[in-house]
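Participant: The structure under discussion is supplied below as structure tokens; questions concerning it will follow.
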Amino acid sequence: MHWKRNERIRLPFGDLVCKWWGPREQRPIVCLHGWLDNAGTFDRLLPLLPRHISFLAIDIPGHGRSAHLPAGVAYNALDTLRLLLHVMQYYGWPRISLMCHSIGAVMSYVFAGVFPDRVDLLISFDLLKPFILDPDMLLFLLADSIPKTLDFSTESSPDSAPNGKLFEYDQLVEHMHVGFHESISREACHFLLYRAAEPAADRPGHFRRRTDPRVRHNHGLVWSHDLNLEIARRIKAPFLYLKTTETPLFEDPQYHQETLDMLTANNEQFVQASVEGKHHVHLSDPERVAPLVQHFLAKHWTKENYFQSKL
């Protein structure tokens with residue numbers, strides 16, 4: 001079994017909670033989860049990867065056991081870039097390696113384009129880049145999501161407050177399984193729920209959600225296809241992109257394919273592959289993902305480049 005321990009990184013509004021897997025004397029590959037998930041999303045995959053490589057799985061603020069943003073503040077996807085810079089500064093890393101899922105993968109793509117000299121390895125699960133949406137759809141989403149951020153504060157949010165809504169554990173499993181369109185198997189739900197829910201001290205057998213409800217109304221990025229292509233042109237680090245067979249692209253396929261073409265033309269270390277399964281295949285069926293990641297790391301990870309860490 002991988003050696004692992006909890007990490008806490010102090011942020012101005014509270015703690016960033018992480019799980020460090022593997023040796024402590026080297027720089028880990030940083031793992032970012034997807035929307036409404038947490039660091040537990042990697043709990044079944046990481047034990048299948050080489051034990052001599054370290055990983056740092058992060059609960060992004062508002063998720064899992066990490067602190068929520070202060071009252072009156074909304075979540076913004078671009079905050080992830082500042083978060084990664086904060087983690088690098090905390091540990092004293094000049095560069096960062098990333099293995100990410102879903103919106104975490106999208107933001108790692110953006111980070112690698114904004115700071116191409118600071119990223120030395122990139123692994124993305126299922127999503128590649130920011131979506132390019134029809135203007136009417138984008139404006140509708142902004143008009144719908146931004147006002148909803150006014151409805152919650154960390155003190156009065158209905159699910160996470162001390163008097164918030166309670167659930168039996170089996171209810172939480174079913175909500176997660178159905179809510180993610182069965183992408184997360186019922187068995188796999190447990191690996192997220194131990195960080196996403198906490199027992200209710202005043203009602204045995206019941207649980208409260210820990211996830212900040214404001215996260216649901218993060219409106220994403222207002223983005224352009226030209227910007228995605230320029231990012232693709234800039235990324236030179238080894239890059240593995242794994243796309244599942246059952247997840248749609250959520251945009252015109254032309255935008256996705258042109259980005260892949262740009263990556264292929266400008267980065268000889270870019271690799272793409274298809275994995276049978278749904279959006280959370282790395283969690284529900286990690287044995288399908290692990291061999292591809294193992295092969296990629298065997299080719300591109302060297303101990304000499306990672307033997308550094310502020311402990």
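Naming works like this for the structure tokens: A, B, ... for the chains as they're shown, residue 1 at the start of each chain, ligands 1 onward in shown order.
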How would you write, as a VMD selection string, the set of residues in segment 98-304 of chain A that DSSP gives as strand (DSSP E)?
Facilitator: chain A and resid 98 to 101 119 to 125 167 to 168 197 to 199 206 to 209 239 to 244 270 to 275
Participant: Find the residues near Glu251 of chain A: any atom within 7 Å, counting only C-alpha atoms, skip ones fewer than 3 places away on the same chain, and give them as a ChimeraX atom specification.
Facilitator: /A:131-133
Participant: Now that the selection is made, can you save its residues with all heavy atoms as a PDB file, in the first residue's frame?
Facilitator:
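Output saved as part00.pdb:
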ATOM      1  N   PHE A 131     -14.651  25.020 -22.700  1.00  0.00           N
ATOM      2  CA  PHE A 131     -15.617  24.849 -23.774  1.00  0.00           C
ATOM      3  C   PHE A 131     -15.833  26.164 -24.520  1.00  0.00           C
ATOM      4  O   PHE A 131     -15.752  27.251 -23.942  1.00  0.00           O
ATOM      5  CB  PHE A 131     -16.973  24.391 -23.221  1.00  0.00           C
ATOM      6  CG  PHE A 131     -16.917  23.131 -22.418  1.00  0.00           C
ATOM      7  CD1 PHE A 131     -17.628  23.019 -21.228  1.00  0.00           C
ATOM      8  CD2 PHE A 131     -16.163  22.049 -22.834  1.00  0.00           C
ATOM      9  CE1 PHE A 131     -17.586  21.861 -20.484  1.00  0.00           C
ATOM     10  CE2 PHE A 131     -16.109  20.889 -22.094  1.00  0.00           C
ATOM     11  CZ  PHE A 131     -16.821  20.797 -20.911  1.00  0.00           C
ATOM     12  N   ILE A 132     -16.154  26.047 -25.791  1.00  0.00           N
ATOM     13  CA  ILE A 132     -16.555  27.193 -26.593  1.00  0.00           C
ATOM     14  C   ILE A 132     -18.064  27.074 -26.818  1.00  0.00           C
ATOM     15  O   ILE A 132     -18.531  26.168 -27.514  1.00  0.00           O
ATOM     16  CB  ILE A 132     -15.803  27.239 -27.935  1.00  0.00           C
ATOM     17  CG1 ILE A 132     -14.293  27.215 -27.682  1.00  0.00           C
ATOM     18  CG2 ILE A 132     -16.219  28.467 -28.733  1.00  0.00           C
ATOM     19  CD1 ILE A 132     -13.796  28.339 -26.793  1.00  0.00           C
ATOM     20  N   LEU A 133     -18.805  27.977 -26.211  1.00  0.00           N
ATOM     21  CA  LEU A 133     -20.261  27.890 -26.225  1.00  0.00           C
ATOM     22  C   LEU A 133     -20.857  28.917 -27.180  1.00  0.00           C
ATOM     23  O   LEU A 133     -20.266  29.974 -27.451  1.00  0.00           O
ATOM     24  CB  LEU A 133     -20.814  28.125 -24.816  1.00  0.00           C
ATOM     25  CG  LEU A 133     -20.334  27.155 -23.733  1.00  0.00           C
ATOM     26  CD1 LEU A 133     -20.910  27.556 -22.382  1.00  0.00           C
ATOM     27  CD2 LEU A 133     -20.732  25.721 -24.077  1.00  0.00           C
TER      28      LEU A 133
END
Participant: Counting only C-alpha atoms, what is within 9 Å of Leu81 of chain A, bar same-chain residues fewer than 5 positions away, as a ChimeraX atom specification?
Facilitator: /A:86,107-108,110-111
Participant: Store the residues of this selection in a file with C-alpha atoms, as a PDB file, in the first residue's frame.
Facilitator:
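Below you can see again_3.pdb, which holds the result:
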ATOM      1  CA  HIS A  86       0.227  29.294  -3.829  1.00  0.00           C
ATOM      2  CA  MET A 107      -7.819  24.530 -15.493  1.00  0.00           C
ATOM      3  CA  SER A 108      -4.517  22.638 -15.672  1.00  0.00           C
ATOM      4  CA  VAL A 110      -5.100  26.914 -18.887  1.00  0.00           C
ATOM      5  CA  PHE A 111      -2.348  26.994 -16.253  1.00  0.00           C
TER       6      PHE A 111
END
Participant: Which residues of segment 96-170 of chain A sit at most 8 Å from segment 230-236 of chain A, using only C-alpha atoms? Give each one's shortest atom pair and distance in Å (one decimal place), in chain and ascending residue order, as CSV.
Facilitator:
residue,atom,partner,partner_atom,distance
A:Tyr109,CA,A:Ile231,CA,7.7
A:Val110,CA,A:Ile231,CA,7.0
A:Ala112,CA,A:Ile235,CA,6.3
A:Gly113,CA,A:Ile231,CA,4.4
A:Val114,CA,A:Ile231,CA,7.4
A:Pro116,CA,A:Ile235,CA,5.8
Participant: Take the selection from the previous step and output its residues with N, CA and C atoms, as a short mmCIF file (atom, residue, chain, number, x, y, z; two decimals), in the first residue's frame.
Facilitator:
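Contents of result30.cif, freshly written:
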data_model
loop_
_atom_site.label_atom_id
_atom_site.label_comp_id
_atom_site.auth_asym_id
_atom_site.auth_seq_id
_atom_site.Cartn_x
_atom_site.Cartn_y
_atom_site.Cartn_z
N TYR A 109 -4.93 22.79 -18.07
CA TYR A 109 -4.62 23.17 -19.45
C TYR A 109 -4.38 24.68 -19.53
N VAL A 110 -5.25 25.46 -18.89
CA VAL A 110 -5.10 26.91 -18.89
C VAL A 110 -3.81 27.30 -18.17
N ALA A 112 -1.10 25.59 -17.80
CA ALA A 112 0.07 25.23 -18.62
C ALA A 112 0.26 26.19 -19.78
N GLY A 113 -0.82 26.81 -20.24
CA GLY A 113 -0.70 27.79 -21.30
C GLY A 113 -0.24 29.15 -20.81
N VAL A 114 -0.70 29.53 -19.63
CA VAL A 114 -0.31 30.82 -19.05
C VAL A 114 1.13 30.76 -18.53
N PRO A 116 3.79 28.21 -19.26
CA PRO A 116 4.34 27.00 -19.90
C PRO A 116 5.70 26.58 -19.36
#
Participant: Point out the residue among A:Lys303, A:Lys19, A:Lys148, A:His33 with the least atom-to-atom distance to Val73 of chain A, counting only C-alpha atoms.
Facilitator: A:Lys148
Participant: Closest to Leu32 of chain A among A:Thr211, A:Ser124, A:Ser284, A:Thr259, using only C-alpha atoms?
Facilitator: A:Ser124
Participant: Choose the residue, out of A:Trp21, A:Glu258, A:Arg27, A:His52, that has the smallest atom-to-atom separation from Gly40 of chain A; count only C-alpha atoms.
Facilitator: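 Counting only C-alpha atoms, the residue closest to Gly40 of chain A is A:Trp21.
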Participant: Which is closer to Arg65 of chain A than all the others in A:Ile146, A:Ile123, A:Ile9, A:Leu128, using only C-alpha atoms?
Facilitator: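 Using only C-alpha atoms, Arg65 of chain A sits closest to A:Ile9.
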Participant: Per residue of segment 29-68 of chain A within 7 Å of segment 180-198 of chain A, which atom pair is closest and at what distance in Å (one decimal), using only C-alpha atoms, listed by chain and increasing number, as JSON lines?
Facilitator:
{"residue": "A:Asp37", "atom": "CA", "partner": "A:Leu192", "partner_atom": "CA", "distance": 6.6}
{"residue": "A:Asn38", "atom": "CA", "partner": "A:Leu192", "partner_atom": "CA", "distance": 6.3}
{"residue": "A:Gly40", "atom": "CA", "partner": "A:Leu192", "partner_atom": "CA", "distance": 5.0}
{"residue": "A:Thr41", "atom": "CA", "partner": "A:Leu192", "partner_atom": "CA", "distance": 6.1}
{"residue": "A:Asp43", "atom": "CA", "partner": "A:Phe191", "partner_atom": "CA", "distance": 6.7}
{"residue": "A:His63", "atom": "CA", "partner": "A:Ala196", "partner_atom": "CA", "distance": 7.0}
{"residue": "A:Gly64", "atom": "CA", "partner": "A:Arg195", "partner_atom": "CA", "distance": 4.7}
{"residue": "A:Arg65", "atom": "CA", "partner": "A:Arg195", "partner_atom": "CA", "distance": 5.9}
Participant: Could you write out the selected residues, including N, CA and C atoms, as a compact mmCIF listing (two decimals), in the first residue's frame?
Facilitator:
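Saved as result.txt:
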# COMPACT_ATOMS: atom_id res chain seq x y z
N ASP A 37 -16.43 17.20 -6.72
CA ASP A 37 -15.70 16.03 -6.22
C ASP A 37 -14.74 16.49 -5.12
N ASN A 38 -13.73 15.70 -4.83
CA ASN A 38 -12.70 16.05 -3.86
C ASN A 38 -11.50 15.15 -4.07
N GLY A 40 -10.60 12.54 -2.78
CA GLY A 40 -10.89 11.11 -2.76
C GLY A 40 -11.11 10.51 -4.13
N THR A 41 -11.31 11.36 -5.15
CA THR A 41 -11.53 10.85 -6.49
C THR A 41 -10.33 10.06 -7.02
N ASP A 43 -8.40 8.10 -4.93
CA ASP A 43 -8.06 7.08 -3.94
C ASP A 43 -7.94 5.67 -4.53
N HIS A 63 -14.58 22.36 -1.41
CA HIS A 63 -14.82 20.93 -1.60
C HIS A 63 -14.15 20.14 -0.48
N GLY A 64 -14.64 18.94 -0.25
CA GLY A 64 -13.99 18.03 0.69
C GLY A 64 -13.78 18.67 2.05
N ARG A 65 -12.56 18.56 2.55
CA ARG A 65 -12.25 19.06 3.89
C ARG A 65 -11.57 20.41 3.89
Participant: Give me, as a ChimeraX atom specification, all polymer residues having an atom no more than 10 Å from Leu83 of chain A, counting only C-alpha atoms and skipping those fewer than 3 positions away in the same chain.
Facilitator: /A:11,16,60-61,78-80,86-89
Participant: So the first atom is atom CA of Leu142 of chain A and the second is atom CA of Cys100 of chain A; what is the distance between them in Å, to one decimal place?
Facilitator: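 It comes out at 25.4 Å.
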